[in-house]
Every structure is written in C-alpha cells, then in structure tokens.
>>> print(open('final07.txt').read())   # compact mmCIF, C-alpha atoms
# COMPACT_ATOMS: atom_id res chain seq x y z
CA MET A 1 -16.11 14.84 26.83
CA LYS A 2 -19.16 17.04 26.23
CA ASN A 3 -20.39 15.19 23.15
CA LEU A 4 -19.39 12.69 20.49
CA ARG A 5 -17.80 15.44 18.39
CA ASP A 6 -15.29 15.93 21.20
CA VAL A 7 -14.71 12.18 21.27
CA TRP A 8 -13.90 12.26 17.56
CA SER A 9 -11.60 15.29 17.99
CA SER A 10 -9.67 13.54 20.75
CA ARG A 11 -9.36 10.33 18.72
CA PHE A 12 -8.35 12.27 15.62
CA MET A 13 -5.57 14.19 17.39
CA HIS A 14 -4.20 10.93 18.81
CA PHE A 15 -4.35 9.34 15.34
CA ILE A 16 -2.50 12.24 13.70
CA GLY A 17 0.15 12.14 16.42
CA GLU A 18 0.61 8.40 15.92
CA VAL A 19 0.98 8.79 12.15
CA GLN A 20 3.43 11.69 12.46
CA LYS A 21 5.53 9.76 14.97
CA TYR A 22 6.29 7.05 12.43
CA MET A 23 6.25 9.19 9.28
CA GLN A 24 9.40 10.95 10.41
CA PHE A 25 11.21 7.61 10.19
CA ILE A 26 9.63 6.64 6.87
CA PHE A 27 10.39 9.79 4.88
CA THR A 28 14.05 10.12 5.71
CA GLY A 29 16.73 11.75 3.57
CA HIS A 30 17.63 8.78 1.37
CA ILE A 31 13.97 7.87 0.81
CA ALA A 32 13.28 11.48 -0.24
CA ILE A 33 16.14 11.32 -2.74
CA VAL A 34 14.80 8.05 -4.17
CA LEU A 35 11.31 9.55 -4.50
CA VAL A 36 12.67 12.62 -6.28
CA PHE A 37 14.52 10.43 -8.79
CA LEU A 38 11.48 8.20 -9.24
CA ILE A 39 9.12 11.10 -9.87
CA GLY A 40 11.59 12.75 -12.22
CA ALA A 41 12.27 9.56 -14.15
CA GLY A 42 8.59 8.70 -14.27
CA GLY A 43 7.69 12.15 -15.56
CA TYR A 44 10.38 11.97 -18.24
CA GLN A 45 9.28 8.50 -19.37
CA TYR A 46 5.65 9.64 -19.43
CA SER A 47 6.40 12.70 -21.55
CA GLU A 48 8.49 10.64 -24.00
CA TRP A 49 5.72 8.06 -24.26
CA LEU A 50 3.15 10.75 -25.08
CA LYS A 51 5.28 11.89 -28.02
CA ILE A 52 5.01 8.50 -29.76
CA LEU A 53 1.41 7.77 -28.74
CA GLN A 54 -0.98 6.78 -31.52
CA PRO A 55 -4.11 8.94 -31.97
CA ASP A 56 -6.38 5.85 -31.63
CA PHE A 57 -5.07 4.97 -28.17
CA PRO A 58 -8.10 4.18 -25.91
CA ALA A 59 -7.27 6.82 -23.30
CA GLU A 60 -10.88 7.33 -22.23
CA VAL A 61 -11.39 3.63 -21.47
CA LEU A 62 -8.11 3.32 -19.60
CA ILE A 63 -8.68 6.42 -17.47
CA ALA A 64 -12.31 5.52 -16.77
CA VAL A 65 -11.37 2.03 -15.55
CA ILE A 66 -8.50 3.23 -13.35
CA VAL A 67 -10.47 6.11 -11.85
CA GLY A 68 -13.61 3.99 -11.41
CA ILE A 69 -11.74 1.31 -9.47
CA LEU A 70 -10.05 3.90 -7.28
CA LEU A 71 -13.41 5.52 -6.57
CA ALA A 72 -14.96 2.21 -5.54
CA PHE A 73 -12.37 1.61 -2.80
CA SER A 74 -13.60 3.96 -0.07
CA ARG A 75 -12.99 2.15 3.20
CA PRO A 76 -14.29 4.33 6.06
CA THR A 77 -11.93 5.57 8.78
CA SER A 78 -13.92 5.40 12.02
CA LEU A 79 -11.14 5.43 14.65
CA LEU A 80 -13.36 3.22 16.82
CA ARG A 81 -11.70 1.12 19.52
CA GLU A 82 -12.59 -2.20 21.07
CA PRO A 83 -13.94 -0.75 24.36
CA ASP A 84 -16.39 1.35 22.34
CA GLN A 85 -18.50 -1.78 21.82
CA VAL A 86 -19.49 -1.40 25.49
CA TYR A 87 -18.95 2.21 26.51
CA LEU A 88 -20.61 3.84 23.48
CA LEU A 89 -23.73 1.67 23.55
CA PRO A 90 -25.72 4.20 25.65
CA LEU A 91 -24.92 6.87 23.02
CA GLU A 92 -25.85 4.76 20.01
CA SER A 93 -28.74 7.02 19.04
CA LYS A 94 -26.30 9.95 18.75
CA MET A 95 -23.53 8.15 16.86
CA SER A 96 -24.51 9.98 13.67
CA GLN A 97 -22.60 13.01 15.05
CA TYR A 98 -19.46 10.90 15.34
CA PHE A 99 -19.83 9.23 11.94
CA LYS A 100 -20.35 12.56 10.15
CA LYS A 101 -16.92 13.64 11.34
CA ALA A 102 -15.45 10.24 10.44
CA LEU A 103 -16.86 10.30 6.91
CA ALA A 104 -15.69 13.87 6.35
CA TRP A 105 -12.13 12.82 7.20
CA THR A 106 -12.48 9.67 5.08
CA PHE A 107 -13.47 11.77 2.07
CA TRP A 108 -10.69 14.36 2.38
CA SER A 109 -8.03 11.75 3.16
CA GLN A 110 -8.89 9.70 0.05
CA VAL A 111 -10.08 12.17 -2.58
CA TRP A 112 -6.58 13.50 -3.24
CA ILE A 113 -5.44 10.08 -4.49
CA VAL A 114 -7.99 9.87 -7.29
CA ALA A 115 -7.56 13.60 -7.97
CA ILE A 116 -3.81 13.24 -8.50
CA VAL A 117 -4.28 10.21 -10.75
CA TYR A 118 -6.76 12.11 -12.93
CA ILE A 119 -4.56 15.23 -13.08
CA VAL A 120 -1.60 13.08 -14.16
CA CYS A 121 -3.81 11.70 -16.94
CA ILE A 122 -4.73 15.17 -18.28
CA PRO A 123 -1.70 15.34 -20.66
CA LEU A 124 -2.79 11.97 -22.03
CA LEU A 125 -6.30 13.30 -22.64
CA LYS A 126 -4.94 16.39 -24.39
CA ALA A 127 -2.69 14.21 -26.57
CA VAL A 128 -5.33 11.82 -27.95
CA THR A 129 -8.70 13.56 -27.47
CA GLU A 130 -10.30 16.84 -28.50
CA LEU A 131 -11.62 17.67 -25.04
CA THR A 132 -11.53 21.33 -24.10
CA THR A 133 -10.07 22.55 -20.82
CA PHE A 134 -13.58 23.22 -19.50
CA GLU A 135 -14.74 19.67 -20.33
CA ILE A 136 -11.67 18.11 -18.69
CA TRP A 137 -12.23 20.01 -15.46
CA ALA A 138 -15.97 19.33 -15.60
CA VAL A 139 -15.13 15.61 -15.49
CA PHE A 140 -12.78 16.34 -12.61
CA LEU A 141 -15.68 17.89 -10.68
CA LEU A 142 -17.80 14.85 -11.52
CA ILE A 143 -15.08 12.58 -10.09
CA ILE A 144 -15.02 14.56 -6.83
CA ILE A 145 -18.79 14.19 -6.51
CA LEU A 146 -18.59 10.47 -7.27
CA LYS A 147 -15.93 10.06 -4.60
CA TYR A 148 -18.20 11.67 -2.02
CA LEU A 149 -21.02 9.33 -3.02
CA SER A 150 -18.67 6.35 -2.86
CA VAL A 151 -17.54 7.16 0.68
CA GLN A 152 -21.15 7.51 1.82
CA GLY A 153 -22.13 4.37 -0.08
CA GLU A 154 -19.46 2.05 1.30
CA PHE A 155 -20.16 3.22 4.83
CA SER A 156 -23.91 2.66 4.42
CA TYR A 157 -23.36 -0.79 2.94
CA ARG A 158 -20.98 -1.81 5.72
CA TYR A 159 -23.40 -0.41 8.30
CA SER A 160 -26.47 -2.22 6.96
CA GLU A 161 -24.85 -5.48 5.85
CA ARG A 162 -22.13 -5.73 8.54
CA GLY A 163 -19.47 -5.76 5.82
CA GLN A 164 -20.63 -9.04 4.30
CA MET A 165 -19.85 -9.47 0.58
CA ILE A 166 -18.28 -6.02 0.39
CA TRP A 167 -16.55 -7.00 -2.87
CA VAL A 168 -19.98 -7.25 -4.58
CA ASP A 169 -20.85 -3.72 -3.48
CA ARG A 170 -17.48 -2.43 -4.66
CA LEU A 171 -17.86 -4.17 -8.01
CA ILE A 172 -21.29 -2.63 -8.60
CA ARG A 173 -20.11 0.84 -7.63
CA ALA A 174 -16.97 0.44 -9.77
CA VAL A 175 -19.06 -0.42 -12.86
CA ILE A 176 -21.35 2.57 -12.27
CA PHE A 177 -18.42 4.94 -11.76
CA VAL A 178 -16.52 3.63 -14.80
CA VAL A 179 -19.57 4.23 -17.00
CA ALA A 180 -20.09 7.72 -15.53
CA VAL A 181 -16.46 8.78 -16.06
CA TYR A 182 -16.35 7.22 -19.54
CA MET A 183 -19.48 9.07 -20.61
CA GLY A 184 -18.08 12.28 -19.15
CA LEU A 185 -14.87 11.90 -21.14
CA HIS A 186 -16.96 11.43 -24.28
CA THR A 187 -18.83 14.69 -23.48
CA GLN A 188 -22.05 12.74 -22.98
CA LEU A 189 -22.89 14.73 -19.87
CA ILE A 190 -26.54 13.64 -19.79
CA LEU A 191 -25.55 9.97 -19.74
CA ALA A 192 -22.79 10.69 -17.21
CA LEU A 193 -25.29 12.38 -14.90
CA LEU A 194 -27.74 9.52 -15.43
CA ALA A 195 -25.09 7.02 -14.34
CA ALA A 196 -24.29 9.18 -11.32
CA ILE A 197 -27.99 9.30 -10.41
CA ILE A 198 -28.19 5.50 -10.67
CA GLY A 199 -25.24 5.31 -8.29
CA PHE A 200 -26.96 7.74 -5.92
CA VAL A 201 -30.17 5.66 -5.91
CA TYR A 202 -28.17 2.47 -5.31
CA ILE A 203 -26.42 4.09 -2.35
CA LEU A 204 -29.70 5.54 -1.07
CA VAL A 205 -31.16 2.04 -0.80
CA PHE A 206 -28.53 0.99 1.73
CA ARG A 207 -28.71 4.38 3.45
CA LYS A 208 -32.38 3.72 4.20
CA LYS A 209 -31.61 0.18 5.34
CA CYS A 210 -29.35 1.66 8.03
CA ALA A 211 -32.35 3.30 9.72
CA GLY A 212 -33.20 1.41 12.88
CA GLU A 213 -30.21 -0.93 12.56
CA PRO A 214 -27.83 -1.16 15.55
CA VAL A 215 -24.33 0.20 15.01
CA PRO A 216 -22.06 -2.66 13.86
CA TYR A 217 -19.32 -1.79 16.35
CA GLU A 218 -17.58 -5.13 15.98
CA HIS A 219 -17.20 -4.76 12.21
CA PHE A 220 -15.96 -1.17 12.33
CA VAL A 221 -13.55 -1.93 15.19
CA LYS A 222 -12.08 -4.86 13.28
CA LEU A 223 -11.82 -2.73 10.14
CA GLU A 224 -10.00 -0.03 12.07
CA GLN A 225 -7.63 -2.52 13.69
CA ASN A 226 -6.74 -3.99 10.30
CA ARG A 227 -6.16 -0.53 8.84
CA MET A 228 -3.83 0.55 11.63
CA MET A 229 -2.03 -2.80 11.58
CA SER A 230 -1.32 -2.32 7.87
CA PHE A 231 0.18 1.09 8.64
CA TYR A 232 2.28 -0.32 11.49
CA ARG A 233 3.58 -3.13 9.29
CA PHE A 234 4.60 -0.57 6.68
CA ALA A 235 6.25 1.63 9.32
CA ASN A 236 8.04 -1.41 10.72
CA TYR A 237 10.05 -1.61 7.50
CA PHE A 238 11.71 1.68 8.47
CA THR A 239 11.76 1.61 12.29
CA ASP A 240 10.89 -0.69 15.16
CA VAL A 241 7.20 -0.71 16.12
CA PRO A 242 7.16 -2.13 19.67
CA HIS A 243 3.57 -3.39 19.80
CA LEU A 244 3.66 -5.05 16.36
CA HIS A 245 3.72 -8.82 16.30
CA GLY A 246 4.41 -10.32 12.90
CA SER A 247 2.33 -13.27 11.76
CA ILE A 248 3.84 -16.61 10.82
CA ARG A 249 2.90 -18.70 7.78
CA ARG A 250 4.17 -22.15 6.92
CA ARG A 251 4.53 -21.55 3.15
CA GLY A 252 4.85 -25.25 2.38
CA TRP A 253 5.28 -24.48 -1.31
CA LEU A 254 8.75 -23.10 -0.45
CA ASN A 255 9.92 -26.15 1.49
CA TRP A 256 12.20 -27.15 -1.38
CA LEU A 257 14.39 -24.11 -0.61
CA TYR A 258 15.51 -25.68 2.67
CA LYS A 259 17.48 -28.25 0.68
CA PHE A 260 20.04 -25.53 -0.04
CA VAL A 261 21.08 -25.74 3.62
CA PRO A 262 22.92 -29.08 4.00
CA TYR A 263 21.88 -31.29 6.91
CA ASN A 264 24.79 -30.72 9.25
CA LYS A 265 25.34 -29.88 12.91
CA ASP A 266 27.26 -26.74 11.97
CA ASN A 267 24.31 -25.51 9.89
CA ALA A 268 21.75 -25.61 12.70
CA GLN A 269 21.59 -21.83 13.08
CA LYS A 270 21.65 -21.27 9.34
CA TYR A 271 18.69 -23.61 8.90
CA LEU A 272 16.78 -21.93 11.74
CA VAL A 273 17.41 -18.41 10.42
CA PHE A 274 16.44 -19.48 6.91
CA ARG A 275 13.12 -20.89 8.15
CA THR A 276 12.55 -17.72 10.17
CA PHE A 277 13.09 -15.60 7.05
CA ILE A 278 10.78 -17.72 4.89
CA ARG A 279 7.96 -18.13 7.41
CA THR A 280 7.81 -14.68 9.05
CA ASP A 281 5.56 -12.32 7.09
CA ASP A 282 7.41 -9.15 8.08
CA HIS A 283 10.79 -10.50 6.94
CA PHE A 284 9.63 -12.29 3.80
CA TYR A 285 7.34 -9.55 2.49
CA LEU A 286 9.94 -6.88 3.27
CA TRP A 287 12.38 -8.58 0.91
CA LEU A 288 9.69 -9.43 -1.65
CA ARG A 289 8.20 -5.93 -1.89
CA LEU A 290 11.50 -4.09 -2.18
CA THR A 291 12.71 -6.63 -4.74
CA VAL A 292 9.55 -6.23 -6.84
CA ILE A 293 9.75 -2.42 -6.67
CA SER A 294 13.39 -2.46 -7.75
CA ALA A 295 12.68 -4.97 -10.54
CA VAL A 296 9.74 -2.96 -11.93
CA ILE A 297 11.73 0.27 -11.95
CA VAL A 298 14.71 -1.35 -13.66
CA ALA A 299 12.41 -2.98 -16.23
CA PHE A 300 10.54 0.17 -17.28
CA VAL A 301 12.96 3.06 -16.68
CA ASP A 302 15.59 3.25 -19.41
CA ILE A 303 17.71 5.93 -17.72
CA PRO A 304 20.74 3.98 -16.40
CA VAL A 305 21.79 6.49 -13.72
CA VAL A 306 18.30 6.53 -12.22
CA THR A 307 18.01 2.73 -12.15
CA TRP A 308 21.45 2.44 -10.55
CA ILE A 309 20.60 4.93 -7.79
CA VAL A 310 17.20 3.37 -7.08
CA ALA A 311 18.50 -0.20 -7.14
CA GLY A 312 21.37 0.76 -4.83
CA ALA A 313 19.09 2.58 -2.39
CA LEU A 314 16.60 -0.29 -2.26
CA SER A 315 19.34 -2.89 -1.83
CA PHE A 316 20.71 -0.83 1.06
CA ALA A 317 17.23 -0.62 2.63
CA THR A 318 16.61 -4.34 2.13
CA THR A 319 19.94 -5.42 3.58
CA ILE A 320 19.99 -3.25 6.68
CA GLN A 321 16.35 -3.89 7.59
CA LEU A 322 16.51 -7.63 6.95
CA LYS A 323 19.73 -7.99 8.94
CA GLN A 324 18.39 -6.04 11.91
CA ALA A 325 15.08 -7.93 11.83
CA LEU A 326 16.73 -11.36 11.86
CA LEU A 327 19.19 -10.39 14.59
CA SER A 328 16.66 -8.69 16.85
CA SER A 329 14.46 -11.73 17.42
CA GLY A 330 13.84 -11.60 21.17
CA GLU A 331 11.58 -14.63 21.49
CA PHE A 332 12.67 -17.89 23.03
CA ARG A 333 14.27 -20.20 20.46
CA MET A 334 15.11 -23.88 20.73
CA ASP A 335 18.74 -23.17 19.83
CA MET A 336 19.10 -21.44 23.23
CA LEU A 337 18.99 -24.87 24.84
CA TYR A 338 21.96 -26.18 22.89
CA PRO A 339 25.68 -25.37 23.32
CA LEU A 340 26.12 -23.53 20.02
CA PRO A 341 28.81 -20.85 19.62
CA GLU A 342 27.63 -17.31 20.45
CA GLU A 343 28.66 -16.00 17.05
CA ALA A 344 26.87 -18.78 15.18
CA ARG A 345 23.60 -16.87 14.80
CA LYS A 346 25.30 -13.68 13.60
CA THR A 347 27.23 -15.67 11.03
CA ALA A 348 24.06 -17.44 9.91
CA VAL A 349 22.19 -14.15 9.56
CA LYS A 350 24.97 -12.71 7.39
CA GLN A 351 24.87 -15.80 5.16
CA ILE A 352 21.09 -15.74 4.75
CA VAL A 353 21.05 -12.00 4.07
CA ARG A 354 23.80 -12.45 1.49
CA LEU A 355 21.83 -15.25 -0.17
CA ALA A 356 18.67 -13.11 -0.22
CA MET A 357 20.52 -10.19 -1.79
CA ILE A 358 22.18 -12.37 -4.44
CA THR A 359 18.70 -13.59 -5.35
CA GLN A 360 17.48 -9.99 -5.47
CA ALA A 361 20.37 -9.01 -7.73
CA ILE A 362 19.59 -11.87 -10.13
CA ILE A 363 15.88 -11.01 -10.28
CA VAL A 364 16.55 -7.30 -10.80
CA GLY A 365 19.17 -8.06 -13.43
CA LEU A 366 16.88 -10.40 -15.40
CA CYS A 367 14.05 -7.86 -15.32
CA GLY A 368 16.35 -5.19 -16.75
CA VAL A 369 18.06 -7.39 -19.35
CA ILE A 370 16.61 -5.33 -22.22
CA GLN A 371 17.97 -2.10 -20.72
CA PRO A 372 21.47 -0.79 -21.55
CA MET A 373 24.24 -1.92 -19.18
CA PHE A 374 21.82 -4.00 -17.09
CA TYR A 375 24.74 -5.93 -15.59
CA VAL A 376 25.91 -2.76 -13.81
CA THR A 377 22.66 -2.78 -11.84
CA MET A 378 23.36 -6.32 -10.64
CA VAL A 379 26.87 -5.35 -9.57
CA ILE A 380 25.58 -2.29 -7.71
CA VAL A 381 22.99 -4.37 -5.81
CA LEU A 382 25.64 -6.90 -4.79
CA VAL A 383 28.27 -4.32 -3.82
CA VAL A 384 25.90 -2.06 -1.86
CA SER A 385 24.33 -4.99 -0.02
CA GLU A 386 27.71 -6.49 0.88
CA LEU A 387 29.10 -3.17 2.12
CA THR A 388 25.93 -2.53 4.11
CA ALA A 389 26.07 -5.97 5.72
CA ARG A 390 29.71 -5.49 6.71
CA VAL A 391 29.51 -1.90 7.94
CA SER A 392 26.16 -1.99 9.76
CA LYS A 393 26.10 -2.92 13.45
CA SER A 394 25.62 -6.58 14.28
>>> encode(input="final07.txt", output="structure tokens")
Amino acid sequence: MKNLRDVWSSRFMHFIGEVQKYMQFIFTGHIAIVLVFLIGAGGYQYSEWLKILQPDFPAEVLIAVIVGILLAFSRPTSLLREPDQVYLLPLESKMSQYFKKALAWTFWSQVWIVAIVYIVCIPLLKAVTELTTFEIWAVFLLIIILKYLSVQGEFSYRYSERGQMIWVDRLIRAVIFVVAVYMGLHTQLILALLAAIIGFVYILVFRKKCAGEPVPYEHFVKLEQNRMMSFYRFANYFTDVPHLHGSIRRRGWLNWLYKFVPYNKDNAQKYLVFRTFIRTDDHFYLWLRLTVISAVIVAFVDIPVVTWIVAGALSFATTIQLKQALLSSGEFRMDMLYPLPEEARKTAVKQIVRLAMITQAIIVGLCGVIQPMFYVTMVIVLVVSELTARVSKS
C-alpha cells in the first residue's frame, strides 16, 4: 500500500464485496414481492390519509422532530480492524487521510435515508402548509448541510471523548437540528441559519479538542465490530453466516413459559428445544421481529389482500428459518449423552415451531381485529406455517 488512501480503498472494496455477498440472499424474489406490496399499500394509505387531514395538523413539528432525530444518528463507518491498533500506530499522524475517506462514505451512505424521509413528507407539507416549491427544496438543502455537519460532529465527539456519553451529544445535536428544520419550515430562514451556526460552533469545539489527541483505535474498532455484527445478524435471518455466534440470555422473566412443557421423560427434547428457542437471541428475536412486523402491517393496512399476502410471506419466512435454526444446532448438547430416539429432536422442533406460529397467528389476529375479515389472516398464518413445516427439509 502506497498510502492510507490505498488502505481505505482496499478495505472499502472488501466491505462492498462482503455486503453484496449476503444481500443477494436477503433480497430474494419473495422478499421483493412483499416489499412491492408494502410500498404500494403504504403509498395508498398515505394518500388516503392526506385526503382527510385537518388543516391544523402540526406537520412542521412532526417532520422537524423525525428529521432532527435521524440527523443526529450519524455513526461513523471507519472500517478499522483490531490489528490496526498496533500496525497503524506509526502512521497515526497521517490518519486524517484515512478518516476523510471514511467520513465521505459515512455521509453518502446515510444522507439518502433522511432525504427519502423528507421527500416522502413533501405531500404532507403541500397539504397543510403554504410553502412554495422553492421553500420546500431550500429546507431540503438545509437538511443535507445539517447531515454533513452531524457526520463530522459525531466523529469529532467520539474522537475527543472516546465515545463516552454519546447519547448526550446526540441529544444536543438533535435539539439543534429540530429547531433548525422547524424554523426552515416556517420560512424563518434567518433563525434556521442561526440554529445551524450554533450547531457548527458546537461541533467545532470538539473538532478543536481532537487536535493533539491520540486516535481512539479501540473505540472505533469496537464500533465497527458492533456495526458489522448487526449486519451479520440481520443477514443470518435469510442465510447461514458461518462466523456468527449468537449470544445467549437467560430471560428469567419468561421462565413461566416452561410450565407448558410437562415434566416427563418423553418431553426431554421438547423442553431443551423450548429453552434453546427462548434463550438464544438469534432464534427469539427472529420470531419476535417478524411477528411485530406482521402485526403492525395487519393493524394499520386496511387492504385485506395485502395483509393476507404479507402475513403469509412472513409466516413462511418465520417458520422455515426458525425450523432450520433449531435443527442446525451443531454444538454439543447434554441430550447426546442419553439414549433418546434419533427422531425425538426433530419431533420436538416441529412442536415448538408449531407452538410459536400459533402464538404468532393469535398476536397478528388480535392486532388486526378492527380490520375486515381479520380471522382470514389468522387462518393464512396457520396454514402457511403448517405447510412450510411439513414440506421443508428436516
């Protein structure tokens, strides 16, 4: 490597390759279909809601708060690795070259999120405010500038303070950005610029504190590891990630659930699988997240066909992933020391998955009880999950 820019380029290409490798498993055909239906249904619901919206709806406050919070979350992407704490020490005085590239990628990889949210809110602004097209896009430009400042600000704060009390820094920046966006939406451009200048001065304070401070390699490496681990956990819901090791939590507050498995020699595997499902983060949160997503969609989308398709697709995804996860446990288990039938674990997994999906169907059904023909959604969840459990490979 000739310089640190080449180091960044090499790291960046490896990162993009790693993301693309797993993205092809995440955005498969059935997920794409679900997303199309979700976007279509969401757009329809949004347009219908705008038609009945009252003129006094506080759109400016709502948009300012949402955008301000999104702006404040600007975690830097450094792509630093653990060995860098040793091997990059001699180049510490030149690390600014590396971090310039890192912050440029951080900005462009995050700005589109807040940009899309604001663009989606433009019809709301046109419905309840008298803002002109020029004023709306002027605020959009302000938001882009604020995002750039936020990325620089969070990096400087983490650099100077080693990431301590980052929530305080984010809260302060969020308040400043909310005020700036709110004033911009009220065409108080002078006050909006004043708030932006206050944010710039606040960020400049920590930027100056970075001068002479050693690079907090340990903090940035840990931050990067946590970021990639979050991505791998998400990807693991769609395909197997070999180097991912799920964490285990006791969850004592759910101990009462074990009473549903009677104390019996024949239920040994069922009890073990049930505890594995409850205590393993990957398994438990997989079921919980997909259940919550399905329940929220059923509760707020009043288009029956859309809710049926989404609920069926998510029940299929939950069943097949949960079944494969519980069956593919390769670690040593205490039941391997006992003369239990070979098919006992497969049977237990099917029973636990069926119980989990019945619970999902009940939750989804209760959340959609105010929607027309909500009981059909429950039936679809049960039927799809049962067929998936029977047809999928054991």
>>> closest_residue(input="final07.txt", among="A:Ile198, A:Ala127, A:Ala174, A:Ile363", to="A:Asp56", atoms="all atoms listed in the file")
A:Ala127
>>> closest_residue(input="final07.txt", among="A:Lys94, A:Lys222, A:Lys265, A:Arg233", to="A:Asp281", atoms="all atoms listed in the file")
A:Arg233
>>> closest_residue(input="final07.txt", among="A:Ala344, A:Ala41, A:Leu131, A:Ile113", to="A:Val306", atoms="all atoms listed in the file")
A:Ala41
>>> closest_residue(input="final07.txt", among="A:Ala325, A:Arg250, A:Arg289, A:Ile172", to="A:Gly68", atoms="all atoms listed in the file")
A:Ile172
>>> closest_residue(input="final07.txt", among="A:Leu149, A:Leu387, A:Met165, A:Ala311", to="A:Val364", atoms="all atoms listed in the file")
A:Ala311
>>> residues_around(input="final07.txt", residues="stretch 155-157 of chain A", least_positions_apart="6", cutoff="12 Å", atoms="only C-alpha atoms", output="ChimeraX atom specification")
/A:72-78,96,99-100,102-104,106-107,148-149,163-170,172-173,200,202-211,213,215-216,219-220,223
>>> closest_residue(input="final07.txt", among="A:Leu194, A:Met228, A:Ile352, A:Ala313", to="A:Phe15", atoms="all atoms listed in the file")
A:Met228
>>> residues_around(input="final07.txt", residues="A:Leu189", least_positions_apart="3", cutoff="12 Å", atoms="all atoms listed in the file", output="NGL selection string")
:A and (135-136 or 138-139 or 142 or 179-186 or 192-196)
>>> write_last_selection(input="final07.txt", atoms="C-alpha atoms", output="compact mmCIF listing (two decimals), in the coordinates of the input")
# COMPACT_ATOMS: atom_id res chain seq x y z
CA GLU A 135 -14.74 19.67 -20.33
CA ILE A 136 -11.67 18.11 -18.69
CA ALA A 138 -15.97 19.33 -15.60
CA VAL A 139 -15.13 15.61 -15.49
CA LEU A 142 -17.80 14.85 -11.52
CA VAL A 179 -19.57 4.23 -17.00
CA ALA A 180 -20.09 7.72 -15.53
CA VAL A 181 -16.46 8.78 -16.06
CA TYR A 182 -16.35 7.22 -19.54
CA MET A 183 -19.48 9.07 -20.61
CA GLY A 184 -18.08 12.28 -19.15
CA LEU A 185 -14.87 11.90 -21.14
CA HIS A 186 -16.96 11.43 -24.28
CA ALA A 192 -22.79 10.69 -17.21
CA LEU A 193 -25.29 12.38 -14.90
CA LEU A 194 -27.74 9.52 -15.43
CA ALA A 195 -25.09 7.02 -14.34
CA ALA A 196 -24.29 9.18 -11.32
>>> atom_distance(input="final07.txt", atom1="atom CA of A:Ile145", atom2="atom CA of A:Trp108")
12.0 Å
>>> atom_distance(input="final07.txt", atom1="atom CA of A:Lys51", atom2="atom CA of A:Val292")
28.2 Å
>>> build_atoms(input="final07.txt", residues="stretch 132-148 of chain A", atoms="N, CA and C atoms", output="compact mmCIF listing (two decimals), keeping the file's coordinate frame")
# COMPACT_ATOMS: atom_id res chain seq x y z
N THR A 132 -11.96 19.99 -24.46
CA THR A 132 -11.53 21.33 -24.10
C THR A 132 -11.13 21.35 -22.62
N THR A 133 -10.48 22.42 -22.22
CA THR A 133 -10.07 22.55 -20.82
C THR A 133 -11.28 22.53 -19.90
N PHE A 134 -12.36 23.21 -20.31
CA PHE A 134 -13.58 23.22 -19.50
C PHE A 134 -14.14 21.81 -19.32
N GLU A 135 -14.18 21.03 -20.39
CA GLU A 135 -14.74 19.67 -20.33
C GLU A 135 -13.88 18.76 -19.45
N ILE A 136 -12.57 18.92 -19.52
CA ILE A 136 -11.67 18.11 -18.69
C ILE A 136 -11.91 18.39 -17.21
N TRP A 137 -12.04 19.67 -16.87
CA TRP A 137 -12.23 20.01 -15.46
C TRP A 137 -13.67 19.75 -15.00
N ALA A 138 -14.60 19.72 -15.95
CA ALA A 138 -15.97 19.33 -15.60
C ALA A 138 -16.00 17.86 -15.18
N VAL A 139 -15.25 17.02 -15.87
CA VAL A 139 -15.13 15.61 -15.49
C VAL A 139 -14.43 15.48 -14.14
N PHE A 140 -13.46 16.34 -13.91
CA PHE A 140 -12.78 16.34 -12.61
C PHE A 140 -13.77 16.61 -11.47
N LEU A 141 -14.65 17.59 -11.68
CA LEU A 141 -15.68 17.89 -10.68
C LEU A 141 -16.62 16.70 -10.48
N LEU A 142 -16.96 16.04 -11.60
CA LEU A 142 -17.80 14.85 -11.52
C LEU A 142 -17.13 13.77 -10.68
N ILE A 143 -15.83 13.60 -10.85
CA ILE A 143 -15.08 12.58 -10.09
C ILE A 143 -15.11 12.90 -8.60
N ILE A 144 -14.97 14.17 -8.25
CA ILE A 144 -15.02 14.56 -6.83
C ILE A 144 -16.39 14.22 -6.23
N ILE A 145 -17.44 14.49 -6.99
CA ILE A 145 -18.79 14.19 -6.51
C ILE A 145 -18.98 12.68 -6.35
N LEU A 146 -18.48 11.92 -7.33
CA LEU A 146 -18.59 10.47 -7.27
C LEU A 146 -17.82 9.90 -6.07
N LYS A 147 -16.70 10.53 -5.75
CA LYS A 147 -15.93 10.06 -4.60
C LYS A 147 -16.72 10.28 -3.31
N TYR A 148 -17.38 11.41 -3.20
CA TYR A 148 -18.20 11.67 -2.02
C TYR A 148 -19.32 10.63 -1.91
